[in-house]
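Let me begin by presenting the structure, written as structure tokens, before commenting on it.
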Amino acid sequence: MNATLPQTNTSEIPAPPRRLLTYFEEGGHTLGSWLLTTDHKRIGILYLYSIVFFFTIAAIAAALMRMELVTPSGDMVTSETYNKLFTIHGATMVWFFLIPSIPSVLGNFVVPLMIGARDLAFPRLNLLSWYLFNLGGLLAIYSIAFGGVDTGWTFYEPYSSAFSNTHVVTMVAGIFIAGFSSILTGLNFIVSIHTLRAPGMTWFKLPLFLWSTYATSIILVLATPVLAMTLVLVAAEKIWGVGIFDPRLGGDPVLFQHMFWFYSHPAVYIMILPGMGVVSEVIPCFSRKPIFGYHFVAFSSVAIALLGFFVWGHHMFVSSQSVYSALVFSMASYLVAVPSAIKVFNWTMTLYRGRIYLDTPMLYALGFIGLFMMGGLTGLFLAALGFNVHVHGTYFVVAHFHYIMVGGMVTGFLAGLHYWWPKITGRLYPESLGRLAALIIFIGFNITFFPQYVVGYLGMPRRYHAYAPEFQLYNVMSSAGASILGVGYLLPLIYLIWSLKHGKKAPPNPWKATGLEWQTPSPPPKHNFAQTPIVTQEPYQYSPEIEEELVHG
Amino acid sequence: MTFPILPEQASKVAEQTDNLYWGLLCISAAVCLIVFVPMACFLFKYRNGKPADRTPLHLPELKIELTWTLVPLLIFMCFYVWGAQNYFQVERPPPNALNIDVVGKQWMWKVQHPEGNREIDELHVPLGRMVKLTMTSEDVIHDLYLPAFRIKQDVVPGRYTTEWFKAAKLGSYHLFCSEYCGTSHSLMVGHVIVLTPAEYQAWLTKGQPGSTLAQSGENLFRELGCSGCHVGKSVVRAPPLEGLFGKPVPLSDREVVTADEGYLRDSILYPAKQIVAGYTNDMPSFRGKVSEEELLQIIAYIKSLGSQTPVREQ
Amino acid sequence: MAEAHESLAEQFDDMPQQLEASTLGMWTFLATEILFFGALFLSYIIYRHTYPEAFAEAGRQVKILHGTVNTALLLTSSLTMSFAIHAAQKGRNRPLLGFLFLTMFLGCCFLAVKGLEYKSDIDEHLVPGAHFAHELPVQGQIFWFLYWLMTGVHSLHLVAGIGVLAVIAWLAWRRRFSERYHNPVIISGLYWHFVDVIWVWLYALFYLINRHA
């Protein structure tokens with residue numbers, strides 16, 4: 001059946017019982033068994049609930065904004081409300097959906113399975129991180145519900161501390177706390193990947209999803225604390241009225257931007273690397289070929305993570321930093337684009353002479369490549385200094401990062417969710433609906449965000465509640481696309497929930513995929529494997545000559 | 001509703017930026033072709049169920065990888081240089097430009113012309129003349145964005161930033177704030193109105209300002225008591241200001257700074273920060289006693305006391 | 001070949017793996033901590049460079065006696081912590097307990113001295129804000145803001161460290177550590193030393209620079 005069939009290691013482990021209980025069954029179905037669980041799989045599912053909740057809030061804010069922007073005059077909500085909407089949308093999407101999406105949900109679920117471990121290295125810390133995440137989220141919800149925040153997700157000084165009369169402090173506190181959840185998750189992954197790999201699982205036998213998770217974790221651990229401290233400084237300045245960013249006391253508001261982007265640019269890679277990891281799993285599986293250039297794909301993840309720490313200044317080309325530092329940051333931004341390009345070329349090359357199955361995860365993965373390419377290429381536009389001066393702070397930037405984060409990360413998340421759904425739930429999702437949704441999302445997404453490139457180059461600044469009439473056409477197109485996109489996102493939500501009860505039972509390996517997570521029943525038993533697997537082969541040992549009967553046929 | 005693709009092109013810089021845009025679009029289109037066409041072919045040809053030759057090839061992997069690492073890198077570096085050239089031009093104001101002061105505050109733009117004319121949310125400039133905007137903010141960070149000239153620059157409280165343009169086309173163009181600055185951010189908009197030099201002169205005269213910017217500055221200089229120490233035969237010894245602007249100033253800590261707008265501003269607001277070599281720290285701070293516009297007037301006065309174009313060093 | 005041990009968590013195969021994981025975990029956490037403080041050190045360096053005179057003048061108000069005593073206290077506590085680890089490795093429970101208590105005691109002394117220092121700082125209007133000492137330059141407030149924030153965050157870390165040691169001491173009291181199992185003592189020792197090292201930097205930056213003038 002499969003290439004990396006694990007050999008059993010009977011000498012060290014006591015014989016397993018006949019049929020292992022799944023992680024659902026073991027421990028029971030009580031609320032307590034979920035809220036006090038230290039099982040990485042259950043925690044992954046807890047995270048799934050949380051992020052769907054936050055995604056919904058942020059998506060509603062986005063929908064309201066798109067409705068407002070249908071007309072140029074700003075006549076649906078007041079400008080105060082509008083400012084709060086985009087702040088809610090940005091802050092919630094970034095910190096409470098995108099950053100935890102793939103790492104905390106899919107990563108939590110599959111990282112131990114993929115390395116052949118029984119759990120992460122620190123299961124209790126893992127549960128703690130979920131609680132911290134929700135505590136942070138609760139504070140964010142509190143600030144949204146009791147008046148909102150109007151600073152934008154970037155909290156630029158001195159507006160956020162000295163001029164905004166909204167709930168900046170609670171929002172900042174929420175993000176601070178959620179930051180520790182990120183740090184603990186990253187720490188757990190780093191330690192687990194270092195120390196808990198199954199016998200024979202050397203670094204270069206790791207699935208590429210783990211390389212990207214590892215790279216992501218480095219960023220989580222090293223960048224998040226800087227944001228945390230920066231937000232402490234904002235809160236301190238807001239509460240006591242003294243601080244280090246207020247120019248009235250000789251402070252430098254631009255320093256805040258440096259510190260903020262020192263985190264937030266690497267954070268952009270937290271929001272794309274895991275998606276790349278998922279795609280690197282899905283593409284070989286559904287083209288039945290080993291990935292082309294394994295080492296280059298693996299090291300490009302690490303390269304992105306490391307180079308990503310040296311490009312923050314490209315958010316500040318017009319902020320009055322020196323032209324010479326702008327030169328350095330522009331150069332570094334071009335350099336960091338190279339490893340991304342390498343990945344795209346390798347994925348495409350993997351398709352060559354493969355046996356391609358266009359199942360839902362594959363459709364999403366291909367969509368990822370297309371949208372990520374568009375986002376990445378416009379990243380090259382933005383890295384060009386002279387060009388950046390014109391489009392900085394316009395809808396061009398908005399379109400660019402939505403192509404990366406929504407087109408990339410959310411599509412990658414959906415690819416991964418569909419790919420591992422049978423493993424997570426033990427059920428199959430309805431394939432035809434899955435393909436339909438993938439198509440609708442791809443089309444809706446492009447109609448929503450492509451016009452924003454044009455309107456951005458025309459000069460429409462972002463965060464505008466009312467805008468000049470000549471921008472209207474593109475905004476109407478964008479809003480129309482957003483409604484299609486909304487339907488696209490609603491579909492998976494419905495059929496995935498439906499599949500929990502009515503989906504067909506999933507076999508252990510519906511995609512005939514390699515990788516240890518497929519060597520155990522679906523859903524897996526509490527300790528993942530009946531016996532510790534031993535890895536002897538390279539990853540992705542697929543052979544395109546053999547016609548496989550995948551689960552959907 | 002209209003269907004524009006490019007904003008109006010009202011300067012040479014705008015043209016250059018658009019050229020860069022087209023260059024980037026071309027290379028992006030090429031990359032898309034290189035990736036998407038083979039991808040589509042592969043998806044079609046090797047789809048499960050289609051007969052095709054699927055025997056694995058042993059390709060020279062390292063060579064292929066290095067090719068698609070180094071070739072993009074090379075292309076990227078070309079665009080890096082192109083973009084950087086444009087940037088240097090945009091970021092460095094040419095000498096002898098017409099200096100206009102802009103003060104941003106929530107949520108309006110206040111403009112002062114050297115002849116003393118003032119306007120709000122409008123900026124009248126003459127055609128074909130270099131215009132340099134010296135900008136600061138009274139409250140939060142704003143950003144003065146002129147899409148038709150493809151330029152923008154953050155307007156930061158506590159310091160002066162500049163941007164420059166040379167209008168090549170008559171007309172009225174958008175002026176936007178493009179750094180989020182609070183409730184009415186989207187209303188902090190206005191127009192740049194490009195006039196012929198004659199019309200501009202007429203507009204200046206019609207405004208009938210009582211005094212030029214430098215004259216207003218001189219009045220303030222007296223009222224605030226600056227003249228008590230900084231003028232020739234005063235009792236307290238203070239550095240003379242004649243011909244100061246643009247010159248290097250040796251400081252007591254042996255550093256040498258250029259007397260630009262930022263230096264003058266800091267010396268008025270935080271006299272203790274930089275003390276001129278040979279003098280003591282006797283000057284009171286004028287923090288909170290002068291507005292941003294008044295500061296710019298005083299600086300205009302000091303500039304008028306014999307100036308020399310600031311030499312940018314380092 | 002692993003032996004079953006009551007302190008071996010189920011996700012690990014054997015004790016060395018568990019020790020490796022927890023040590024790596026602590027070092028990773030310390031990397032996070034370094035960047036956490038790093039943001040503050042960076043701010044300090046930038047403003048020190050921007051306003052050297054104001055910082056020097058504000059810096060002369062810092063109580064060097066308190067700072068020096070505290071440095072001595074913390075460095076000694078690191079020594080006693082090392083002794084505690086040594087005792088744990090030898091499986092000697094009584095010296096382990098003794099050194100842990102000594103370490104905690106030195107930590108508490110540090111906090112007490114710090115408290116006295118804070119008191120006199122407040123009395124001398126060295127708290128940034130409306131009542132900040134008028135004779136100091138405006139940017140001196142930045143110095144003092146960073147002083148309060150950085151020493152405050154450090155003290156919080158120390159409080160956390162004392163808490164951790166208290167738990168360790170309780171476990172030692174329950175005789176949970178032996179020659180074979182003492183990971184938690186080593187791990188908490190790492191944390192304790194880290195908190196010390198941070199203080200050494202704070203001492204240098206806030207108490208020692210520009211004292212001569």
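So you can find residues: chains in the structure tokens are A, B, ... in the order shown, residues in each start at 1, and ligands are numbered from 1 in order.
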> Contacts of stretch 121-129 of chain C at 9 Å or less, counting only C-alpha atoms, minus same-chain residues fewer than 4 places along, as a ChimeraX atom specification?
Replying inline: /A:240-243 /C:58,61-63,116-117,133-134,140-145,148
>> Give me, as a PyMOL selection string, the residues of chain A touching chain B, with the criterion being at most 7 Å (counting only C-alpha atoms).
In response: chain A and resi 79-80+83+158-159+247+293+318-320+327+331+334+338+342+348+351-357+377+381+384-387+389-390+393+454+457-459+461+463-467+470+472-473+544-545
Using C-alpha atoms, can you write the selected residues to a file as a JSON list (two decimals), in the first residue's frame?
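Result file is part-v3.json:
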[["chain", "number", "residue", "atom", "x", "y", "z"],
["A", 79, "SER", "CA", -16.34, 57.56, 10.00],
["A", 80, "GLU", "CA", -15.77, 56.62, 13.65],
["A", 83, "ASN", "CA", -12.36, 53.27, 11.60],
["A", 158, "PRO", "CA", 1.44, 59.09, 18.89],
["A", 159, "TYR", "CA", -2.15, 58.59, 17.73],
["A", 247, "PRO", "CA", 7.45, 63.78, 20.47],
["A", 293, "GLY", "CA", 14.32, 19.92, -5.00],
["A", 318, "VAL", "CA", 8.24, 57.33, 3.37],
["A", 319, "SER", "CA", 8.42, 57.64, 7.15],
["A", 320, "SER", "CA", 11.50, 59.90, 7.08],
["A", 327, "LEU", "CA", 18.46, 51.17, 0.22],
["A", 331, "MET", "CA", 17.77, 45.16, -1.24],
["A", 334, "TYR", "CA", 14.37, 41.60, -3.00],
["A", 338, "VAL", "CA", 14.19, 34.69, -4.00],
["A", 342, "ILE", "CA", 12.37, 28.91, -5.60],
["A", 348, "THR", "CA", 5.53, 23.58, -10.66],
["A", 351, "LEU", "CA", 3.83, 18.43, -11.52],
["A", 352, "TYR", "CA", 5.98, 17.50, -14.51],
["A", 353, "ARG", "CA", 5.51, 13.83, -15.40],
["A", 354, "GLY", "CA", 3.33, 13.31, -12.38],
["A", 355, "ARG", "CA", -0.06, 11.68, -12.14],
["A", 356, "ILE", "CA", -2.32, 14.53, -11.20],
["A", 357, "TYR", "CA", -5.49, 14.16, -9.19],
["A", 377, "LEU", "CA", 5.14, 39.62, -7.68],
["A", 381, "PHE", "CA", 6.73, 46.20, -7.07],
["A", 384, "ALA", "CA", 11.18, 49.00, -5.66],
["A", 385, "LEU", "CA", 11.83, 52.20, -3.74],
["A", 386, "GLY", "CA", 10.68, 54.76, -6.27],
["A", 387, "PHE", "CA", 7.50, 52.81, -6.92],
["A", 389, "VAL", "CA", 6.71, 56.08, -2.65],
["A", 390, "HIS", "CA", 3.64, 56.32, -4.86],
["A", 393, "GLY", "CA", -0.45, 53.43, 2.16],
["A", 454, "VAL", "CA", -5.72, 49.31, -9.92],
["A", 457, "TYR", "CA", -2.17, 52.76, -8.28],
["A", 458, "LEU", "CA", -4.75, 55.40, -9.08],
["A", 459, "GLY", "CA", -3.98, 56.79, -5.66],
["A", 461, "PRO", "CA", -5.38, 55.76, 0.17],
["A", 463, "ARG", "CA", -8.43, 53.41, 5.59],
["A", 464, "TYR", "CA", -10.61, 55.94, 3.78],
["A", 465, "HIS", "CA", -14.21, 56.02, 4.82],
["A", 466, "ALA", "CA", -15.19, 58.33, 1.98],
["A", 467, "TYR", "CA", -13.29, 58.57, -1.26],
["A", 470, "GLU", "CA", -13.45, 58.34, -9.74],
["A", 472, "GLN", "CA", -16.04, 54.10, -7.34],
["A", 473, "LEU", "CA", -16.11, 51.58, -10.16],
["A", 544, "PRO", "CA", 3.58, 8.37, -10.80],
["A", 545, "GLU", "CA", 3.58, 5.21, -12.91]]
>> Just checking: using only C-alpha atoms, which residue out of C:Gly98, C:Gly189, C:Pro137, C:Gly152 ends up closest to chain B?
In response: C:Pro137
Can you list every residue of chain A that has an atom at most 6 Å from chain C, with its nearest atom pair and the distance in Å to one decimal, using only C-alpha atoms, ordered by chain then number, as CSV?
residue,atom,partner,partner_atom,distance
A:Arg118,CA,C:Gln11,CA,5.1
A:Asp119,CA,C:Gln11,CA,5.4
A:Val191,CA,C:Gly25,CA,5.9
A:Thr195,CA,C:Ala21,CA,5.9
A:Val221,CA,C:Thr32,CA,5.5
A:Leu222,CA,C:Thr32,CA,5.5
A:Pro225,CA,C:Phe36,CA,4.5
A:Val226,CA,C:Phe36,CA,5.3
A:Met229,CA,C:Phe36,CA,6.0
A:Val242,CA,C:Gly129,CA,5.9
A:Ile244,CA,C:Ile142,CA,5.8
A:Gly250,CA,C:Gln139,CA,5.9
Got a sec to pull out which chain B residues are within 12 Å of chain C, counting only C-alpha atoms, and send them as an mmCIF file with N, CA and C atoms, in the first residue's frame?
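Written file, result30.cif:
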data_model
loop_
_atom_site.group_PDB
_atom_site.id
_atom_site.type_symbol
_atom_site.label_atom_id
_atom_site.label_comp_id
_atom_site.auth_asym_id
_atom_site.auth_seq_id
_atom_site.Cartn_x
_atom_site.Cartn_y
_atom_site.Cartn_z
ATOM 1 N N SER B 252 29.585 72.002 21.570
ATOM 2 C CA SER B 252 30.477 71.916 22.713
ATOM 3 C C SER B 252 31.004 70.494 22.913
ATOM 4 N N ASP B 253 30.253 69.483 22.429
ATOM 5 C CA ASP B 253 30.767 68.117 22.589
ATOM 6 C C ASP B 253 31.613 67.702 21.389
ATOM 7 N N ASP B 266 15.142 72.458 16.907
ATOM 8 C CA ASP B 266 15.559 71.869 18.179
ATOM 9 C C ASP B 266 16.195 72.921 19.083
ATOM 10 N N LEU B 269 13.340 74.875 20.687
ATOM 11 C CA LEU B 269 12.485 74.126 21.616
ATOM 12 C C LEU B 269 13.291 73.452 22.728
ATOM 13 N N TYR B 270 14.461 72.932 22.380
ATOM 14 C CA TYR B 270 15.281 72.231 23.383
ATOM 15 C C TYR B 270 16.687 72.807 23.346
ATOM 16 N N PRO B 271 16.881 74.033 23.877
ATOM 17 C CA PRO B 271 18.183 74.689 23.736
ATOM 18 C C PRO B 271 19.318 73.874 24.351
ATOM 19 N N ALA B 272 19.016 73.079 25.368
ATOM 20 C CA ALA B 272 20.095 72.376 26.060
ATOM 21 C C ALA B 272 20.617 71.187 25.272
ATOM 22 N N LYS B 273 19.865 70.801 24.253
ATOM 23 C CA LYS B 273 20.233 69.556 23.554
ATOM 24 C C LYS B 273 21.573 69.688 22.830
ATOM 25 N N GLN B 274 21.721 70.783 22.105
ATOM 26 C CA GLN B 274 22.971 70.976 21.361
ATOM 27 C C GLN B 274 23.475 72.378 21.668
ATOM 28 N N ILE B 275 24.627 72.459 22.335
ATOM 29 C CA ILE B 275 25.146 73.769 22.709
ATOM 30 C C ILE B 275 26.320 74.113 21.812
ATOM 31 N N ASN B 281 24.814 77.210 28.366
ATOM 32 C CA ASN B 281 23.401 76.904 28.173
ATOM 33 C C ASN B 281 22.545 77.905 28.948
ATOM 34 N N PRO B 284 16.336 79.971 27.458
ATOM 35 C CA PRO B 284 15.154 79.256 27.927
ATOM 36 C C PRO B 284 14.518 78.482 26.772
ATOM 37 N N SER B 285 13.761 77.459 27.128
ATOM 38 C CA SER B 285 13.081 76.700 26.080
ATOM 39 C C SER B 285 11.807 77.420 25.670
ATOM 40 N N ARG B 287 9.416 75.752 24.224
ATOM 41 C CA ARG B 287 8.461 74.672 24.038
ATOM 42 C C ARG B 287 7.097 75.100 24.573
#
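What separates atom CA of A:Gly481 from atom CA of A:Gly379 is a distance of 22.4 Å.
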>> When you look at A:Val297 with a cut-off of 10 Å (counting only C-alpha atoms), what residues show up, excluding the ones that are within fewer than 5 positions of it in the same chain? I need them as a PyMOL selection string.
In response: chain A and resi 208+211-212+276-277+280+291-292+302-303+339-340+342-347
Would you mind exporting the chosen residues as an mmCIF file, in the first residue's frame, restricted to C-alpha atoms?
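Saved the output as again.cif:
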data_model
loop_
_atom_site.group_PDB
_atom_site.id
_atom_site.type_symbol
_atom_site.label_atom_id
_atom_site.label_comp_id
_atom_site.auth_asym_id
_atom_site.auth_seq_id
_atom_site.Cartn_x
_atom_site.Cartn_y
_atom_site.Cartn_z
ATOM 1 C CA LEU A 208 8.375 19.879 4.365
ATOM 2 C CA TRP A 211 10.447 22.547 7.981
ATOM 3 C CA SER A 212 8.059 25.397 7.451
ATOM 4 C CA MET A 276 3.717 26.959 1.909
ATOM 5 C CA GLY A 277 4.310 23.941 4.100
ATOM 6 C CA SER A 280 4.512 21.246 -0.182
ATOM 7 C CA ILE A 291 8.803 16.890 -4.483
ATOM 8 C CA PHE A 292 11.336 18.434 -6.824
ATOM 9 C CA VAL A 302 14.573 28.758 6.854
ATOM 10 C CA ALA A 303 15.978 31.443 4.562
ATOM 11 C CA PRO A 339 13.411 31.732 -1.700
ATOM 12 C CA SER A 340 9.689 32.226 -2.358
ATOM 13 C CA ILE A 342 12.367 28.913 -5.602
ATOM 14 C CA LYS A 343 9.393 27.288 -3.906
ATOM 15 C CA VAL A 344 6.989 28.201 -6.691
ATOM 16 C CA PHE A 345 9.336 26.838 -9.372
ATOM 17 C CA ASN A 346 9.844 23.613 -7.447
ATOM 18 C CA TRP A 347 6.130 23.045 -6.964
#
>> Quick check, in Å to one decimal: how far apart do atom CA of A:Asn108 and atom CA of A:Phe262 lie?
In response: 26.1 Å
> So which bits of stretch 72-303 of chain A end up helix (DSSP H, G or I) when you DSSP the backbone, as an MDAnalysis selection string?
Replying inline: chainID A and resid 79:115 123:145 159:163 168:195 203:205 208:240 247:249 253:270 273:287 294:303
Need the shell around C:Ile85: protein/DNA/RNA residues with any atom at most 8 Å away, counting only C-alpha atoms. Skip same-chain ones fewer than 2 positions apart. Format as a JSON list (two decimals) with C-alpha atoms, in the first residue's frame?
[["chain", "number", "residue", "atom", "x", "y", "z"],
["C", 81, "MET", "CA", 21.93, 28.57, 43.12],
["C", 82, "SER", "CA", 24.88, 26.80, 41.58],
["C", 83, "PHE", "CA", 25.56, 25.13, 44.90],
["C", 87, "ALA", "CA", 23.74, 19.37, 45.68],
["C", 88, "ALA", "CA", 20.84, 18.13, 43.57],
["C", 89, "GLN", "CA", 23.19, 16.38, 41.18],
["C", 96, "LEU", "CA", 19.77, 21.36, 48.26],
["C", 185, "VAL", "CA", 16.38, 22.22, 39.60],
["C", 186, "ILE", "CA", 18.71, 22.64, 36.63],
["C", 189, "GLY", "CA", 18.71, 27.47, 37.80]]
> So which residues touch stretch 171-181 of chain C within 8 Å, counting only C-alpha atoms, skipping near sequence neighbours fewer than 6 positions away, as number ranges by chain?
Replying inline: C: 7, 15, 88-93, 96-97
Write the residues of the preceding selection, restricted to N, CA and C atoms, as a short mmCIF file (atom, residue, chain, number, x, y, z; two decimals), in the first residue's frame.
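Result written to selection.cif:
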data_model
loop_
_atom_site.label_atom_id
_atom_site.label_comp_id
_atom_site.auth_asym_id
_atom_site.auth_seq_id
_atom_site.Cartn_x
_atom_site.Cartn_y
_atom_site.Cartn_z
N SER C 7 8.69 10.09 37.19
CA SER C 7 8.72 11.47 36.71
C SER C 7 8.83 11.55 35.20
N MET C 15 14.60 9.26 30.28
CA MET C 15 14.94 10.45 31.05
C MET C 15 15.88 11.40 30.29
N ALA C 88 21.88 18.96 44.18
CA ALA C 88 20.84 18.13 43.57
C ALA C 88 21.48 17.02 42.74
N GLN C 89 22.54 17.38 42.03
CA GLN C 89 23.19 16.38 41.18
C GLN C 89 23.81 15.27 42.02
N LYS C 90 24.24 15.64 43.23
CA LYS C 90 24.83 14.64 44.12
C LYS C 90 23.73 13.91 44.90
N GLY C 91 22.51 14.37 44.72
CA GLY C 91 21.41 13.71 45.41
C GLY C 91 21.37 14.01 46.90
N ARG C 92 21.94 15.15 47.31
CA ARG C 92 21.95 15.50 48.74
C ARG C 92 20.83 16.50 49.00
N ASN C 93 19.81 15.98 49.63
CA ASN C 93 18.58 16.76 49.73
C ASN C 93 18.67 17.93 50.70
N LEU C 96 20.58 20.82 49.35
CA LEU C 96 19.77 21.36 48.26
C LEU C 96 18.74 22.34 48.82
N LEU C 97 18.00 21.85 49.84
CA LEU C 97 16.98 22.71 50.44
C LEU C 97 17.61 23.98 51.01
#
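The protein and nucleic acid residues lying at most 7 Å from stretch 488-491 of chain A are Ala437, Ile440, Ile441, Ile484 and Tyr495 of chain A, with only C-alpha atoms considered and sequence neighbours fewer than 4 positions away removed.
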Print the selection's residues with N, CA and C atoms to a file, as a PDB file, in the first residue's frame.
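That gives us result_0.pdb:
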ATOM      1  N   ALA A 437     -16.513  24.841  -3.939  1.00  0.00           N
ATOM      2  CA  ALA A 437     -16.135  25.933  -3.032  1.00  0.00           C
ATOM      3  C   ALA A 437     -14.764  26.469  -3.399  1.00  0.00           C
ATOM      4  N   ILE A 440     -15.216  28.724  -6.345  1.00  0.00           N
ATOM      5  CA  ILE A 440     -15.901  29.982  -6.001  1.00  0.00           C
ATOM      6  C   ILE A 440     -14.948  30.905  -5.254  1.00  0.00           C
ATOM      7  N   ILE A 441     -14.183  30.342  -4.323  1.00  0.00           N
ATOM      8  CA  ILE A 441     -13.267  31.174  -3.548  1.00  0.00           C
ATOM      9  C   ILE A 441     -12.224  31.803  -4.457  1.00  0.00           C
ATOM     10  N   ILE A 484     -19.246  37.209  -3.348  1.00  0.00           N
ATOM     11  CA  ILE A 484     -18.977  35.867  -3.869  1.00  0.00           C
ATOM     12  C   ILE A 484     -18.020  35.132  -2.929  1.00  0.00           C
ATOM     13  N   TYR A 495     -20.543  22.362   4.761  1.00  0.00           N
ATOM     14  CA  TYR A 495     -20.410  20.934   4.437  1.00  0.00           C
ATOM     15  C   TYR A 495     -19.428  20.213   5.343  1.00  0.00           C
TER      16      TYR A 495
END
>> So that I can see what lies close to stretch 97-103 of chain A, please list as an NGL selection string the residues with an atom at most 10 Å from it, counting only C-alpha atoms and leaving out residues fewer than 3 positions away in the same chain.
In response: :A and (44 or 47-48 or 50-56 or 58 or 90-94 or 106-111 or 130 or 133 or 178-179 or 181-182 or 185-186 or 189 or 212-214 or 216-217 or 220 or 267-275 or 277-278 or 405-406 or 409-410 or 412-414 or 416-417)
